[in-house]
Amino acid sequence: MIFPRLKRLVLGEPLTSQMAHDELIPKWKALAVLSSDALSSVAYATEEILIPLSAFSFAAVNWSIPIALGIAFLLVVVTASYRQTITAYPGGGGAYIVAKDNLGTTAGLVAAASLLIDYVLTVAVSIAAGVENLASAFPVLSPHKALIDVAVIFFIMFVNLRGVRESASVFALPTYFFVLSIVALIGGGAWKFISGAAIAAAPVTHAVYPAVPLFLILHAFASGCSALTGVEAISNGITIFREPKQKNAIVTLIWMSILLGGMFLGITLMTHLFGIIPKEGETAVSLLSHAVYGDSFMYYVIQAATAMILVLAANTSYADFPRLSSLLAKDRYLPRQLASVGDRLVFSNGILGLSLAAMALDVVFRGDTHALIPLYAVGVFLSFTLSQAGMVLHHIRLREPHWMNSLVFNFVGAVTTFIVFGVIASTKFMDGAWMVVLLIPFLVFVFTRIHRHYVTVGRELSLLDACPTGNLEPMKHTVVIPVSGIHRGILDALRYSLSISDDVRAVYVEIDTETTQRMQKEWIRWAHEVPFVVLKSPYRSVIQPLVQYIDDIEKSAQREMITVVIPEFVTAKWRHQILHNQTALLIRAALMLRQKKVVTSVRYHLRGT
């Protein structure tokens, strides 16, 4: 078949279950895969702080350094807290598992809903930001941002469908290239001030900071907290590390936090010293790169590196969204298909679902980062809070060695992230965060309804109350064969039907009287053993008279089951199949929800060209 061959060509040969160990990745690759979201946020987190401050007044921008220090402190608290989470839950799962295990199922589902929303937004925001950054250097791309976003998401989806190891290999080098480019940007800017080639637009600290409304400070702080999105990814993705998984995950988490904190503070400091104010059509990183390197080759290197990391930041979600979805599916809160591992040992259905949702967001919001950012950090900080609160109860309940020290870290983390969540939800509520606030309980409702369905199905299928004797007696049933003519395929279907039932009826829907008469003569010649039933159809419908006849049999024959045997012929080439009637599909659709009806096909394969 052409589709399996095309699938192998695009995605590669299937991997056996025994090869799963080979798909585990070392720390340096895991840092690129699971930290690209967090590291990429330095490309826009400083800008998100500056936008509300500069809109108020130029002097208000002086608050950017204290706000950045506050966010850096929060990063230290969250990192220390998630280190405890990795230690306590080495199997991964992050906030969902921690909250469900310690705070109850509802809290776990709230955390899961928050994270799923955040992962979708991560893909949409990071790719939109990457394309915007590229459009800053090449303005001709600006009108086509949404289309480029969709194309990039499709590419990342394709790479991830090929497997964890391959996606890590593809995305590792661009991540480290970005880190080096930001170090070069910060180092180049610092050298300009040290050498006297540039004069600082403002001192690093101020004796007196301008009076601004507290709401403005909180708004800028909440916007800048987008720098912390993605910090939880390592605790969710422990299972992709090589052994020792737990130790490797902790080391990677620490390195990620050091790189993130250093680059974020460095970018914020440089923008402050150079007096960078974001403007429409050009990002803060682009303006800073211009100030440091002008229009030289290095400017374009930094822009390219930034665009790449922002695009590749989406890969963090591709590492965690499918795994979280699979955990929910195994617990029967999402469709079971999401728990299935594909040919390449990845959760293919989760990858596809994430891609489609992110594409829809970028199309709806036209690839506008500033329109998407207000939706961004609400869910992740709610999951932070639930995770850390769950860890507090975990320590109190188990009281493992050194539990008091761990309790302090997680308690401070829970309180701090809850305060930040409240600030973000209140300051960004009218800017679009209300959508996330409403979507989280809606998703929890959907989870519970799905779970209720699976529980009900399991209860009805259960054999607990059934008697093991006498359940396999042959079933009496009537066979109905819809026919439109007499040919080799019909004869095979008749022979099959006679082998499974003593009550077989061929049904012909009359559209034209003369054709019916010819059909009756042919039937007597070839299949007189089987009753030939003619159904009138004044409105030329085939399905409705057939379904009505089946209902009549159910009332009169008193059989346990009615089997509809559909004779079908299959063309030698798949493309030829579209040239023939698809009545079989309509019959299946009409009978799909009707009880005690079996629809089966007897296929006759043609050998023609």
# chains A, B, ... in the order shown; residues from 1 in each chain; ligands from 1
$ residues_around --residues "Ala68 of chain A" --least-positions-apart "5" --cutoff "8 Å" --atoms "only C-alpha atoms" --output "list of chain:residue names"
A:Thr46, A:Phe221, A:Gly224, A:Phe264, A:Leu265, A:Thr268
$ residues_around --residues "Glu400 of chain A" --least-positions-apart "5" --cutoff "12 Å" --atoms "only C-alpha atoms" --output "number ranges by chain"
A: 84, 87-88, 394-395, 405-407
$ write_last_selection --atoms "C-alpha atoms" --output "mmCIF file, in the first residue's frame"
data_model
loop_
_atom_site.group_PDB
_atom_site.id
_atom_site.type_symbol
_atom_site.label_atom_id
_atom_site.label_comp_id
_atom_site.auth_asym_id
_atom_site.auth_seq_id
_atom_site.Cartn_x
_atom_site.Cartn_y
_atom_site.Cartn_z
ATOM 1 C CA GLN A 84 12.372 18.397 45.736
ATOM 2 C CA THR A 87 13.577 13.664 44.303
ATOM 3 C CA ALA A 88 10.131 12.651 45.562
ATOM 4 C CA HIS A 394 3.911 15.010 50.914
ATOM 5 C CA HIS A 395 6.674 15.941 53.384
ATOM 6 C CA ASN A 405 14.420 21.435 55.018
ATOM 7 C CA SER A 406 12.483 20.239 52.003
ATOM 8 C CA LEU A 407 9.237 21.394 53.586
#
$ closest_residue --among "A:Leu218, A:Ala389, A:Ala358, A:Val408" --to "Ala146 of chain A" --atoms "only C-alpha atoms"
A:Ala358
$ select_by_dssp --residues "segment 476-517 of chain A" --states "helix (DSSP H, G or I)" --output "PyMOL selection string"
chain A and resi 488-500+513-517
$ closest_residue --among "A:Ala202, A:Ala38, A:Ile553, A:Val123" --to "Ser64 of chain A" --atoms "only C-alpha atoms"
A:Ala202
$ select_by_dssp --residues "segment 562-598 of chain A" --states "strand (DSSP E or B)" --output "ChimeraX atom specification"
/A:562-570,597-598
$ closest_atom_pairs --of "segment 150-230 of chain A" --to "segment 322-335 of chain A" --cutoff "12 Å" --atoms "only C-alpha atoms" --output "CSV"
residue,atom,partner,partner_atom,distance
A:Met157,CA,A:Pro322,CA,11.7
A:Asn160,CA,A:Pro322,CA,10.7
A:Leu161,CA,A:Pro322,CA,11.1
A:Val164,CA,A:Pro322,CA,11.7
$ residues_around --residues "segment 194-197 of chain A" --least-positions-apart "2" --cutoff "12 Å" --atoms "only C-alpha atoms" --output "MDAnalysis selection string"
chainID A and resid 187:192 199:200 274 291:293
$ atom_distance --atom1 "atom CA of Ile277 of chain A" --atom2 "atom CA of Phe178 of chain A"
22.5 Å
$ atom_distance --atom1 "atom CA of Glu510 of chain A" --atom2 "atom CA of His605 of chain A"
26.8 Å
$ residues_around --residues "segment 204-212 of chain A" --least-positions-apart "2" --cutoff "7 Å" --atoms "only C-alpha atoms" --output "mmCIF file with N, CA and C atoms, in the first residue's frame"
data_model
loop_
_atom_site.group_PDB
_atom_site.id
_atom_site.type_symbol
_atom_site.label_atom_id
_atom_site.label_comp_id
_atom_site.auth_asym_id
_atom_site.auth_seq_id
_atom_site.Cartn_x
_atom_site.Cartn_y
_atom_site.Cartn_z
ATOM 1 N N ALA A 59 10.731 57.465 32.723
ATOM 2 C CA ALA A 59 11.406 57.299 34.017
ATOM 3 C C ALA A 59 11.021 55.984 34.687
ATOM 4 N N ALA A 60 9.788 55.490 34.412
ATOM 5 C CA ALA A 60 9.326 54.253 35.051
ATOM 6 C C ALA A 60 10.165 53.053 34.641
ATOM 7 N N ASN A 62 13.167 52.697 34.909
ATOM 8 C CA ASN A 62 14.202 52.452 35.923
ATOM 9 C C ASN A 62 13.832 51.311 36.860
ATOM 10 N N ALA A 202 21.654 55.198 31.881
ATOM 11 C CA ALA A 202 21.151 55.318 33.255
ATOM 12 C C ALA A 202 22.030 54.469 34.149
ATOM 13 N N LEU A 214 1.402 51.061 42.220
ATOM 14 C CA LEU A 214 1.736 49.680 42.559
ATOM 15 C C LEU A 214 1.209 48.719 41.499
ATOM 16 N N LEU A 216 1.092 49.144 38.377
ATOM 17 C CA LEU A 216 2.010 49.112 37.240
ATOM 18 C C LEU A 216 3.189 48.191 37.532
#
$ residues_around --residues "Gly92 of chain A" --least-positions-apart "3" --cutoff "8 Å" --atoms "only C-alpha atoms" --output "VMD selection string"
chain A and resid 86 89 97 235 to 239
$ write_last_selection --atoms "N, CA and C atoms" --output "short mmCIF file (atom, residue, chain, number, x, y, z; two decimals), in the first residue's frame"
data_model
loop_
_atom_site.label_atom_id
_atom_site.label_comp_id
_atom_site.auth_asym_id
_atom_site.auth_seq_id
_atom_site.Cartn_x
_atom_site.Cartn_y
_atom_site.Cartn_z
N ILE A 86 11.49 16.38 41.90
CA ILE A 86 12.21 15.33 41.17
C ILE A 86 12.67 14.23 42.12
N TYR A 89 9.37 12.33 43.26
CA TYR A 89 8.60 11.67 42.20
C TYR A 89 9.50 11.44 40.98
N ILE A 97 0.80 14.60 38.84
CA ILE A 97 0.99 13.47 39.74
C ILE A 97 1.10 13.95 41.18
N SER A 235 10.95 18.29 35.46
CA SER A 235 10.30 17.39 36.42
C SER A 235 9.22 16.54 35.74
N ASN A 236 8.67 17.03 34.63
CA ASN A 236 7.67 16.26 33.90
C ASN A 236 8.30 15.21 33.00
N GLY A 237 9.53 15.47 32.54
CA GLY A 237 10.14 14.62 31.53
C GLY A 237 11.30 13.78 32.02
N ILE A 238 11.29 13.39 33.29
CA ILE A 238 12.40 12.60 33.86
C ILE A 238 12.61 11.30 33.09
N THR A 239 11.53 10.75 32.54
CA THR A 239 11.61 9.43 31.92
C THR A 239 12.45 9.41 30.64
#
$ closest_residue --among "A:Leu75, A:Val483, A:Ala233, A:Leu69" --to "Thr416 of chain A" --atoms "only C-alpha atoms"
A:Leu75
$ residues_around --residues "Val311 of chain A" --least-positions-apart "4" --cutoff "7 Å" --atoms "only C-alpha atoms" --output "PyMOL selection string"
chain A and resi 126-127+130+307
$ write_last_selection --atoms "N, CA, C and O atoms" --output "JSON list (two decimals), in the first residue's frame"
[["chain", "number", "residue", "atom", "x", "y", "z"],
["A", 126, "SER", "N", 5.98, 30.82, 21.42],
["A", 126, "SER", "CA", 7.40, 30.77, 21.07],
["A", 126, "SER", "C", 7.61, 30.85, 19.57],
["A", 126, "SER", "O", 8.52, 31.56, 19.10],
["A", 127, "ILE", "N", 6.78, 30.17, 18.81],
["A", 127, "ILE", "CA", 6.93, 30.22, 17.36],
["A", 127, "ILE", "C", 6.53, 31.60, 16.82],
["A", 127, "ILE", "O", 7.20, 32.16, 15.94],
["A", 130, "GLY", "N", 9.39, 33.83, 17.59],
["A", 130, "GLY", "CA", 10.52, 33.57, 16.70],
["A", 130, "GLY", "C", 10.31, 34.19, 15.33],
["A", 130, "GLY", "O", 11.22, 34.81, 14.76],
["A", 307, "ALA", "N", 15.74, 33.80, 16.72],
["A", 307, "ALA", "CA", 14.59, 33.25, 16.00],
["A", 307, "ALA", "C", 14.56, 31.73, 16.12],
["A", 307, "ALA", "O", 13.50, 31.12, 16.34]]
$ closest_residue --among "A:Ala129, A:Ile486, A:Glu560, A:Leu116" --to "Asp362 of chain A" --atoms "only C-alpha atoms"
A:Ala129
$ residues_around --residues "Ala201 of chain A" --least-positions-apart "2" --cutoff "9 Å" --atoms "only C-alpha atoms" --output "ChimeraX atom specification"
/A:199,203,272-276
$ write_last_selection --atoms "N, CA, C and O atoms" --output "tab-separated table (two decimals), in the first residue's frame"
chain	number	residue	atom	x	y	z
A	199	ILE	N	28.38	55.14	26.61
A	199	ILE	CA	28.08	55.76	27.91
A	199	ILE	C	26.70	55.28	28.36
A	199	ILE	O	25.75	55.30	27.57
A	203	PRO	N	22.19	54.85	35.42
A	203	PRO	CA	22.98	54.02	36.34
A	203	PRO	C	22.25	52.71	36.64
A	203	PRO	O	21.04	52.59	36.44
A	272	HIS	N	18.79	48.25	30.05
A	272	HIS	CA	18.71	49.39	30.95
A	272	HIS	C	19.87	50.37	30.69
A	272	HIS	O	19.66	51.59	30.59
A	273	LEU	N	21.07	49.83	30.57
A	273	LEU	CA	22.24	50.69	30.37
A	273	LEU	C	22.22	51.36	29.00
A	273	LEU	O	22.66	52.51	28.85
A	274	PHE	N	21.73	50.68	28.00
A	274	PHE	CA	21.66	51.26	26.65
A	274	PHE	C	20.40	52.10	26.43
A	274	PHE	O	20.25	52.71	25.38
A	275	GLY	N	19.51	52.09	27.42
A	275	GLY	CA	18.28	52.89	27.29
A	275	GLY	C	17.34	52.35	26.23
A	275	GLY	O	16.69	53.14	25.52
A	276	ILE	N	17.26	51.04	26.11
A	276	ILE	CA	16.42	50.42	25.08
A	276	ILE	C	14.95	50.51	25.48
A	276	ILE	O	14.57	50.13	26.59
$ atom_distance --atom1 "atom CA of Pro143 of chain A" --atom2 "atom CA of Ala222 of chain A"
29.5 Å
$ closest_residue --among "A:Ile67, A:Leu498, A:Ile566, A:Val455" --to "Leu50 of chain A" --atoms "only C-alpha atoms"
A:Ile67
$ closest_residue --among "A:Ala360, A:Ala305, A:Ile450, A:Leu74" --to "Val150 of chain A" --atoms "only C-alpha atoms"
A:Ala360
